[in-house]
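What follows is a set of notes on a single structure, which appears directly below.
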Amino acid sequence: MGKQLFTTLDPDGTLTVAVEQVSVPDPTGNQVLVKMEAAPINPSDLAILVGGADLETASYSPGKFVATVPEPFNAGSKARHGLKLPAGNEGAGTVVAVGDSDTARSLLGQRVSCVPGNAYSEYCIADAAMCLPLGDHSAEDGASAFINPMTALGFVENAKLDRQDAFLHTVGASNLGQMLTRICKEDGIGLVNIVRKDGQVDLLKSLGSTHVVNSSNDDFMGQLSAAIDDTGAFYGFDPVSGGQGVDNAFRAMEQVAVSRMTEYSRYGSNQPKRMFIYGRLNMAPTILTPSYGFGWTLSGWLLFPFLQTAGAEIVSRMRKRVRESLTTTFASHYKKRVNLDEMLTKEAVIDYKAMRTGEKYLVTPWS
């Protein structure tokens, strides 16, 4: 038996998030049973955890809150109406029981990072093939060893596959963005970081970033164009989606491309420009304007589909790199640690839902 968090959205928009006692099954085959010690609250977890719920007017009680999800967010979540869903993509803990496969048995007693999909629990069943042995590293060190590190490396690998030697990232000071800065410095890849505050500029420059642009500055677009011109970053990744972030990137890319043209064209430049949206930090519509010709592509990007198409050799290389640099290149930092009940208090929920840079929460189920 153990505690586990569940989230349920009813057709009328009522969202219930609660911790319950559950019976945990025995692992079979290639499964392992992990006693969870630490699990981060990532932006990718928030969609299922709280979505577009009105958290200010929610009803809070020990280990539970009930909120209302307004339209159009409720209608947009119709597929999950009535479903009682677990939450928590990743975490780390100790393997306390295993199935009968050789891979599973080799992990018995080891501390591992895993991606069970229900990491906000005291115990989780995980696939042994997806577990990363942590050796002497702590559970806190390994709690965020998968989503952000593999995503950052995935961006780099995706760029290499598309023969790009530079790209831009629109939330440069995030935990993932800091990892990306370190990776690109190590690999000699050009990176344009976009941030919102002068302090974030200083942070990334201290990590070795050479092109950091503050979107709050009056001459932001000019600075962005200059950084793209210097690096050749006609390729980028954006987790915000809503608003004009992608549009700004395309417009700056086009300004640089047009400045390099020797002949005028009413259709704009033929410079390929590509952006990937990999998150929904802003639920507003993505704004695009007719300001950059027709040589552009906007795509979605998700980690697991990329891993499925990248091939075993690339994925193995990525996992090895994460394991070897877990506390350096891929180090994560946390603002606060909460247990399963504490993560559902009004103060905590409103705080981590804000997704402020450098203020990630870590769930420690047994604290």
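Scheme for the structure tokens: letters A, B, ... for chains in order shown; per-chain residue numbers from 1; ligand numbers from 1 in order shown.
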
Do a neighbour search on Leu33 (chain A) at 8 Å with only C-alpha atoms, toss out local chain neighbours closer than 2 positions, and write the hits as a PyMOL selection string. chain A and resi 26-27+31+35+95-98+123-126

Quick one: residues within 10 Å of region 173-188 of chain A, only C-alpha atoms, excluding same-chain residues fewer than 2 positions away - as a VMD selection string? chain A and resid 42 147 to 156 165 to 167 169 to 171 190 to 197 199 to 205 207 to 210 212 328 to 334 355 to 360

Which one of A:Ala67, A:Ala47, A:Ala92, A:Leu161 sits closest to Gly311 (chain A) if you count only C-alpha atoms? A:Leu161

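Distance check against Ser44 (chain A) using only C-alpha atoms: of A:Pro285, A:Gly117, A:Gly142, A:Gly293, the minimum falls on A:Gly117.
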
With only C-alpha atoms as the counted atoms, please give the residues lying no more than 9 Å from region 275-282 of chain A, apart from itself and same-chain residues fewer than 6 positions off, as a ChimeraX atom specification. /A:43-44,47,168,234-243,246,249-250,296-303,355

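The shortest atom-to-atom distance to Arg111 (chain A), with only C-alpha atoms taken into account, belongs to A:Asp136 out of A:Asp136, A:Asp162, A:Asp218, A:Glu20.
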
Using only C-alpha atoms, which residue out of A:Asn217, A:Gln164, A:Asn339, A:Thr286 lies closest to Pro272 (chain A)?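 Nearest candidate to Pro272 (chain A) out of A:Asn217, A:Gln164, A:Asn339, A:Thr286: A:Gln164.
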
Residue set, region 169-307 of chain A restricted to alpha helix (DSSP H), as a CSV table (one decimal) with N, CA and C atoms, in the first residue's frame:
```
chain,number,residue,atom,x,y,z
A,175,ASN,N,15.5,26.2,-16.5
A,175,ASN,CA,16.4,25.1,-16.1
A,175,ASN,C,16.9,24.3,-17.3
A,176,LEU,N,15.9,24.1,-18.3
A,176,LEU,CA,16.3,23.4,-19.5
A,176,LEU,C,17.2,24.3,-20.3
A,177,GLY,N,16.9,25.6,-20.3
A,177,GLY,CA,17.7,26.5,-21.1
A,177,GLY,C,19.2,26.6,-20.6
A,178,GLN,N,19.3,26.5,-19.3
A,178,GLN,CA,20.7,26.6,-18.8
A,178,GLN,C,21.5,25.3,-19.2
A,179,MET,N,20.8,24.2,-19.2
A,179,MET,CA,21.4,22.9,-19.7
A,179,MET,C,21.8,23.1,-21.1
A,180,LEU,N,20.9,23.7,-21.9
A,180,LEU,CA,21.2,23.8,-23.3
A,180,LEU,C,22.4,24.7,-23.6
A,181,THR,N,22.5,25.8,-22.8
A,181,THR,CA,23.7,26.7,-22.9
A,181,THR,C,25.0,25.9,-22.6
A,182,ARG,N,25.0,25.1,-21.6
A,182,ARG,CA,26.2,24.3,-21.3
A,182,ARG,C,26.5,23.3,-22.4
A,183,ILE,N,25.5,22.6,-22.9
A,183,ILE,CA,25.7,21.6,-24.0
A,183,ILE,C,26.2,22.3,-25.2
A,184,CYS,N,25.6,23.4,-25.7
A,184,CYS,CA,26.1,24.1,-26.9
A,184,CYS,C,27.5,24.6,-26.7
A,185,LYS,N,27.9,25.1,-25.5
A,185,LYS,CA,29.2,25.5,-25.3
A,185,LYS,C,30.2,24.3,-25.5
A,186,GLU,N,29.8,23.2,-24.9
A,186,GLU,CA,30.7,22.0,-25.0
A,186,GLU,C,30.8,21.5,-26.4
A,187,ASP,N,29.7,21.6,-27.2
A,187,ASP,CA,29.7,21.0,-28.5
A,187,ASP,C,30.1,22.0,-29.6
A,198,ASP,N,17.3,41.5,-17.1
A,198,ASP,CA,18.8,41.7,-17.2
A,198,ASP,C,19.5,40.6,-16.3
A,199,GLY,N,18.9,40.3,-15.2
A,199,GLY,CA,19.6,39.2,-14.3
A,199,GLY,C,19.7,37.9,-15.0
A,200,GLN,N,18.8,37.6,-15.9
A,200,GLN,CA,18.9,36.4,-16.7
A,200,GLN,C,20.0,36.4,-17.7
A,201,VAL,N,20.2,37.6,-18.3
A,201,VAL,CA,21.3,37.8,-19.2
A,201,VAL,C,22.6,37.6,-18.5
A,202,ASP,N,22.7,38.1,-17.3
A,202,ASP,CA,24.0,37.9,-16.5
A,202,ASP,C,24.2,36.4,-16.2
A,203,LEU,N,23.1,35.7,-15.8
A,203,LEU,CA,23.2,34.3,-15.5
A,203,LEU,C,23.7,33.5,-16.7
A,204,LEU,N,23.1,33.7,-17.8
A,204,LEU,CA,23.5,32.9,-19.0
A,204,LEU,C,24.9,33.2,-19.5
A,205,LYS,N,25.3,34.5,-19.4
A,205,LYS,CA,26.7,34.9,-19.7
A,205,LYS,C,27.7,34.2,-18.8
A,206,SER,N,27.3,34.1,-17.5
A,206,SER,CA,28.2,33.4,-16.5
A,206,SER,C,28.4,32.0,-16.9
A,220,PHE,N,15.0,45.3,-28.7
A,220,PHE,CA,15.0,43.8,-28.7
A,220,PHE,C,15.1,43.2,-30.1
A,221,MET,N,14.3,43.7,-31.0
A,221,MET,CA,14.3,43.1,-32.4
A,221,MET,C,15.6,43.3,-33.1
A,222,GLY,N,16.1,44.5,-32.9
A,222,GLY,CA,17.4,44.8,-33.5
A,222,GLY,C,18.5,43.9,-32.9
A,223,GLN,N,18.5,43.7,-31.6
A,223,GLN,CA,19.5,42.8,-31.0
A,223,GLN,C,19.3,41.4,-31.4
A,224,LEU,N,18.1,40.9,-31.6
A,224,LEU,CA,17.8,39.6,-32.0
A,224,LEU,C,18.3,39.3,-33.4
A,225,SER,N,18.0,40.3,-34.3
A,225,SER,CA,18.5,40.2,-35.7
A,225,SER,C,20.0,40.1,-35.7
A,226,ALA,N,20.6,40.9,-34.9
A,226,ALA,CA,22.1,40.9,-34.9
A,226,ALA,C,22.7,39.6,-34.5
A,227,ALA,N,22.0,39.0,-33.4
A,227,ALA,CA,22.5,37.7,-32.9
A,227,ALA,C,22.3,36.6,-33.9
A,228,ILE,N,21.1,36.6,-34.7
A,228,ILE,CA,20.9,35.6,-35.7
A,228,ILE,C,21.9,35.8,-36.8
A,229,ASP,N,22.1,37.1,-37.2
A,229,ASP,CA,23.1,37.3,-38.3
A,229,ASP,C,24.5,36.8,-37.9
A,230,ASP,N,24.9,37.0,-36.7
A,230,ASP,CA,26.2,36.6,-36.2
A,230,ASP,C,26.3,35.0,-36.1
A,231,THR,N,25.2,34.3,-35.8
A,231,THR,CA,25.3,32.9,-35.6
A,231,THR,C,24.8,32.1,-36.7
A,245,GLY,N,6.0,35.2,-29.6
A,245,GLY,CA,7.4,34.8,-29.5
A,245,GLY,C,7.9,34.1,-30.8
A,246,VAL,N,7.1,33.2,-31.4
A,246,VAL,CA,7.5,32.6,-32.6
A,246,VAL,C,7.5,33.6,-33.8
A,247,ASP,N,6.5,34.4,-33.8
A,247,ASP,CA,6.5,35.5,-34.8
A,247,ASP,C,7.7,36.4,-34.8
A,248,ASN,N,8.1,36.8,-33.5
A,248,ASN,CA,9.3,37.6,-33.4
A,248,ASN,C,10.5,36.9,-34.0
A,249,ALA,N,10.7,35.6,-33.7
A,249,ALA,CA,11.8,34.9,-34.2
A,249,ALA,C,11.8,34.8,-35.7
A,250,PHE,N,10.7,34.5,-36.3
A,250,PHE,CA,10.6,34.5,-37.8
A,250,PHE,C,10.9,35.8,-38.4
A,251,ARG,N,10.3,36.9,-37.8
A,251,ARG,CA,10.5,38.2,-38.4
A,251,ARG,C,12.0,38.6,-38.3
A,252,ALA,N,12.7,38.3,-37.2
A,252,ALA,CA,14.1,38.6,-37.1
A,252,ALA,C,14.9,37.8,-38.1
A,253,MET,N,14.6,36.5,-38.2
A,253,MET,CA,15.3,35.7,-39.2
A,253,MET,C,15.1,36.2,-40.6
A,254,GLU,N,13.9,36.7,-40.9
A,254,GLU,CA,13.7,37.2,-42.3
A,254,GLU,C,14.4,38.5,-42.5
A,255,GLN,N,14.5,39.3,-41.5
A,255,GLN,CA,15.2,40.6,-41.6
A,255,GLN,C,16.7,40.3,-42.0
A,256,VAL,N,17.2,39.3,-41.3
A,256,VAL,CA,18.6,39.0,-41.6
A,256,VAL,C,18.7,38.4,-43.0
A,257,ALA,N,17.8,37.5,-43.4
A,257,ALA,CA,17.8,36.9,-44.7
A,257,ALA,C,17.7,37.9,-45.8
A,258,VAL,N,16.8,38.9,-45.7
A,258,VAL,CA,16.6,39.9,-46.7
A,258,VAL,C,17.8,40.8,-46.8
A,259,SER,N,18.4,41.0,-45.7
A,259,SER,CA,19.6,41.9,-45.8
A,259,SER,C,20.8,41.2,-46.6
A,303,LEU,N,9.4,15.1,-26.8
A,303,LEU,CA,10.6,14.2,-26.6
A,303,LEU,C,10.4,12.8,-27.0
A,304,PHE,N,9.3,12.1,-26.6
A,304,PHE,CA,9.2,10.7,-26.8
A,304,PHE,C,9.1,10.3,-28.3
A,305,PRO,N,8.3,11.1,-29.1
A,305,PRO,CA,8.3,10.8,-30.5
A,305,PRO,C,9.7,11.0,-31.1
A,306,PHE,N,10.5,12.0,-30.7
A,306,PHE,CA,11.8,12.2,-31.2
A,306,PHE,C,12.7,11.0,-30.9
A,307,LEU,N,12.6,10.5,-29.6
A,307,LEU,CA,13.4,9.3,-29.2
A,307,LEU,C,13.1,8.1,-30.0
```

Residue set, region 258-301 of chain A restricted to strand (DSSP E), as a list in words: Lys273, Arg274, Met275, Phe276, Ile277, Asn282, Met283, Ala284, Pro285, Thr286, Trp296, Thr297, Leu298, Ser299 and Gly300 of chain A

CA of Glu140 (chain A) and CA of Tyr361 (chain A) are how many Å apart?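 We find that CA of Glu140 (chain A) and CA of Tyr361 (chain A) lie 11.4 Å from each other.
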
Determine, counting only C-alpha atoms, which protein, DNA and RNA residues have an atom within 10 Å of an atom of Asp102 (chain A); residues of the same chain fewer than 3 positions away are not included. Present the result as a list in words.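 What passes the distance filter is Gly29, Asn30, Val98, Gly99, Arg105, Ser106, Leu107 and Ala128 of chain A.
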
Export, as a PDB file, in the first residue's frame, the selected residues with all heavy atoms.
```pdb
ATOM      1  N   GLY A  29       7.813  -9.392 -15.405  1.00  0.00           N
ATOM      2  CA  GLY A  29       8.603  -9.237 -16.623  1.00  0.00           C
ATOM      3  C   GLY A  29       9.731  -8.240 -16.461  1.00  0.00           C
ATOM      4  O   GLY A  29      10.611  -8.397 -15.614  1.00  0.00           O
ATOM      5  N   ASN A  30       9.690  -7.190 -17.282  1.00  0.00           N
ATOM      6  CA  ASN A  30      10.747  -6.181 -17.280  1.00  0.00           C
ATOM      7  C   ASN A  30      10.411  -4.997 -16.363  1.00  0.00           C
ATOM      8  O   ASN A  30      11.054  -3.949 -16.437  1.00  0.00           O
ATOM      9  CB  ASN A  30      10.975  -5.656 -18.702  1.00  0.00           C
ATOM     10  CG  ASN A  30      12.403  -5.165 -18.911  1.00  0.00           C
ATOM     11  OD1 ASN A  30      13.355  -5.790 -18.463  1.00  0.00           O
ATOM     12  ND2 ASN A  30      12.550  -4.047 -19.593  1.00  0.00           N
ATOM     13  N   VAL A  98      11.398  -6.531  -8.195  1.00  0.00           N
ATOM     14  CA  VAL A  98      11.629  -6.592  -9.638  1.00  0.00           C
ATOM     15  C   VAL A  98      10.864  -7.743 -10.270  1.00  0.00           C
ATOM     16  O   VAL A  98      10.459  -8.698  -9.596  1.00  0.00           O
ATOM     17  CB  VAL A  98      13.137  -6.765  -9.959  1.00  0.00           C
ATOM     18  CG1 VAL A  98      13.919  -5.560  -9.458  1.00  0.00           C
ATOM     19  CG2 VAL A  98      13.685  -8.052  -9.352  1.00  0.00           C
ATOM     20  N   GLY A  99      10.675  -7.630 -11.592  1.00  0.00           N
ATOM     21  CA  GLY A  99      10.126  -8.728 -12.365  1.00  0.00           C
ATOM     22  C   GLY A  99      11.195  -9.770 -12.619  1.00  0.00           C
ATOM     23  O   GLY A  99      12.281  -9.726 -12.042  1.00  0.00           O
ATOM     24  N   ARG A 105      16.126  -7.628 -12.864  1.00  0.00           N
ATOM     25  CA  ARG A 105      16.829  -8.179 -11.688  1.00  0.00           C
ATOM     26  C   ARG A 105      18.151  -7.476 -11.424  1.00  0.00           C
ATOM     27  O   ARG A 105      18.596  -7.362 -10.278  1.00  0.00           O
ATOM     28  CB  ARG A 105      17.056  -9.681 -11.893  1.00  0.00           C
ATOM     29  CG  ARG A 105      15.785 -10.488 -11.704  1.00  0.00           C
ATOM     30  CD  ARG A 105      16.044 -11.971 -11.733  1.00  0.00           C
ATOM     31  NE  ARG A 105      16.599 -12.417 -13.005  1.00  0.00           N
ATOM     32  CZ  ARG A 105      16.381 -13.609 -13.539  1.00  0.00           C
ATOM     33  NH1 ARG A 105      15.619 -14.484 -12.913  1.00  0.00           N
ATOM     34  NH2 ARG A 105      16.918 -13.944 -14.688  1.00  0.00           N
ATOM     35  N   SER A 106      18.773  -6.931 -12.471  1.00  0.00           N
ATOM     36  CA  SER A 106      20.052  -6.244 -12.298  1.00  0.00           C
ATOM     37  C   SER A 106      19.903  -4.925 -11.551  1.00  0.00           C
ATOM     38  O   SER A 106      20.892  -4.366 -11.067  1.00  0.00           O
ATOM     39  CB  SER A 106      20.703  -5.979 -13.666  1.00  0.00           C
ATOM     40  OG  SER A 106      19.991  -4.985 -14.385  1.00  0.00           O
ATOM     41  N   LEU A 107      18.673  -4.429 -11.435  1.00  0.00           N
ATOM     42  CA  LEU A 107      18.442  -3.133 -10.794  1.00  0.00           C
ATOM     43  C   LEU A 107      17.998  -3.244  -9.337  1.00  0.00           C
ATOM     44  O   LEU A 107      17.871  -2.228  -8.645  1.00  0.00           O
ATOM     45  CB  LEU A 107      17.382  -2.346 -11.571  1.00  0.00           C
ATOM     46  CG  LEU A 107      17.743  -1.941 -13.002  1.00  0.00           C
ATOM     47  CD1 LEU A 107      16.563  -1.243 -13.667  1.00  0.00           C
ATOM     48  CD2 LEU A 107      18.972  -1.046 -13.018  1.00  0.00           C
ATOM     49  N   ALA A 128      12.092  -1.276 -16.645  1.00  0.00           N
ATOM     50  CA  ALA A 128      13.526  -1.345 -16.354  1.00  0.00           C
ATOM     51  C   ALA A 128      14.360  -0.748 -17.485  1.00  0.00           C
ATOM     52  O   ALA A 128      15.414  -0.154 -17.241  1.00  0.00           O
ATOM     53  CB  ALA A 128      13.937  -2.792 -16.100  1.00  0.00           C
TER      54      ALA A 128
END
```

Please report the interatomic distance between CA of Gly88 (chain A) and CA of Met130 (chain A) in Å with one decimal. 15.2 Å

Have a look at CA of Thr57 (chain A) and CA of Pro40 (chain A) and let me know their distance in Å, one decimal.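 Here the two named atoms are 25.2 Å from each other.
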
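Excluding Glu71 (chain A) and any residue on its chain fewer than 3 positions from it, the residues at most 9 Å away by only C-alpha atoms are Gly13, Gly52, Asn74, Ala75 and Gly76 of chain A.
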
Could the residues in this selection be written to a file with all heavy atoms, as a PDB file, in the first residue's frame?
```pdb
ATOM      1  N   GLY A  13     -16.555  20.668 -15.703  1.00  0.00           N
ATOM      2  CA  GLY A  13     -15.412  21.527 -15.443  1.00  0.00           C
ATOM      3  C   GLY A  13     -14.859  21.440 -14.033  1.00  0.00           C
ATOM      4  O   GLY A  13     -13.944  22.190 -13.680  1.00  0.00           O
ATOM      5  N   GLY A  52      -6.016  24.616 -16.921  1.00  0.00           N
ATOM      6  CA  GLY A  52      -6.426  26.019 -16.870  1.00  0.00           C
ATOM      7  C   GLY A  52      -7.324  26.327 -15.694  1.00  0.00           C
ATOM      8  O   GLY A  52      -8.107  27.285 -15.737  1.00  0.00           O
ATOM      9  N   ASN A  74     -11.965  23.816 -20.542  1.00  0.00           N
ATOM     10  CA  ASN A  74     -12.660  22.573 -20.219  1.00  0.00           C
ATOM     11  C   ASN A  74     -13.056  21.823 -21.484  1.00  0.00           C
ATOM     12  O   ASN A  74     -12.848  20.614 -21.600  1.00  0.00           O
ATOM     13  CB  ASN A  74     -13.893  22.866 -19.364  1.00  0.00           C
ATOM     14  CG  ASN A  74     -14.624  21.603 -18.964  1.00  0.00           C
ATOM     15  OD1 ASN A  74     -14.005  20.629 -18.542  1.00  0.00           O
ATOM     16  ND2 ASN A  74     -15.937  21.597 -19.106  1.00  0.00           N
ATOM     17  N   ALA A  75     -13.612  22.531 -22.455  1.00  0.00           N
ATOM     18  CA  ALA A  75     -13.999  21.882 -23.715  1.00  0.00           C
ATOM     19  C   ALA A  75     -12.786  21.319 -24.436  1.00  0.00           C
ATOM     20  O   ALA A  75     -12.855  20.262 -25.069  1.00  0.00           O
ATOM     21  CB  ALA A  75     -14.732  22.882 -24.612  1.00  0.00           C
ATOM     22  N   GLY A  76     -11.656  22.013 -24.322  1.00  0.00           N
ATOM     23  CA  GLY A  76     -10.431  21.536 -24.960  1.00  0.00           C
ATOM     24  C   GLY A  76      -9.866  20.294 -24.315  1.00  0.00           C
ATOM     25  O   GLY A  76      -8.987  19.635 -24.889  1.00  0.00           O
TER      26      GLY A  76
END
```

Restricting the calculation to only C-alpha atoms, which member of A:Asn214, A:Gln308, A:Ser23, A:Thr28 is positioned closest to Gln4 (chain A)?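 Distance minimum relative to Gln4 (chain A) lands on A:Ser23.
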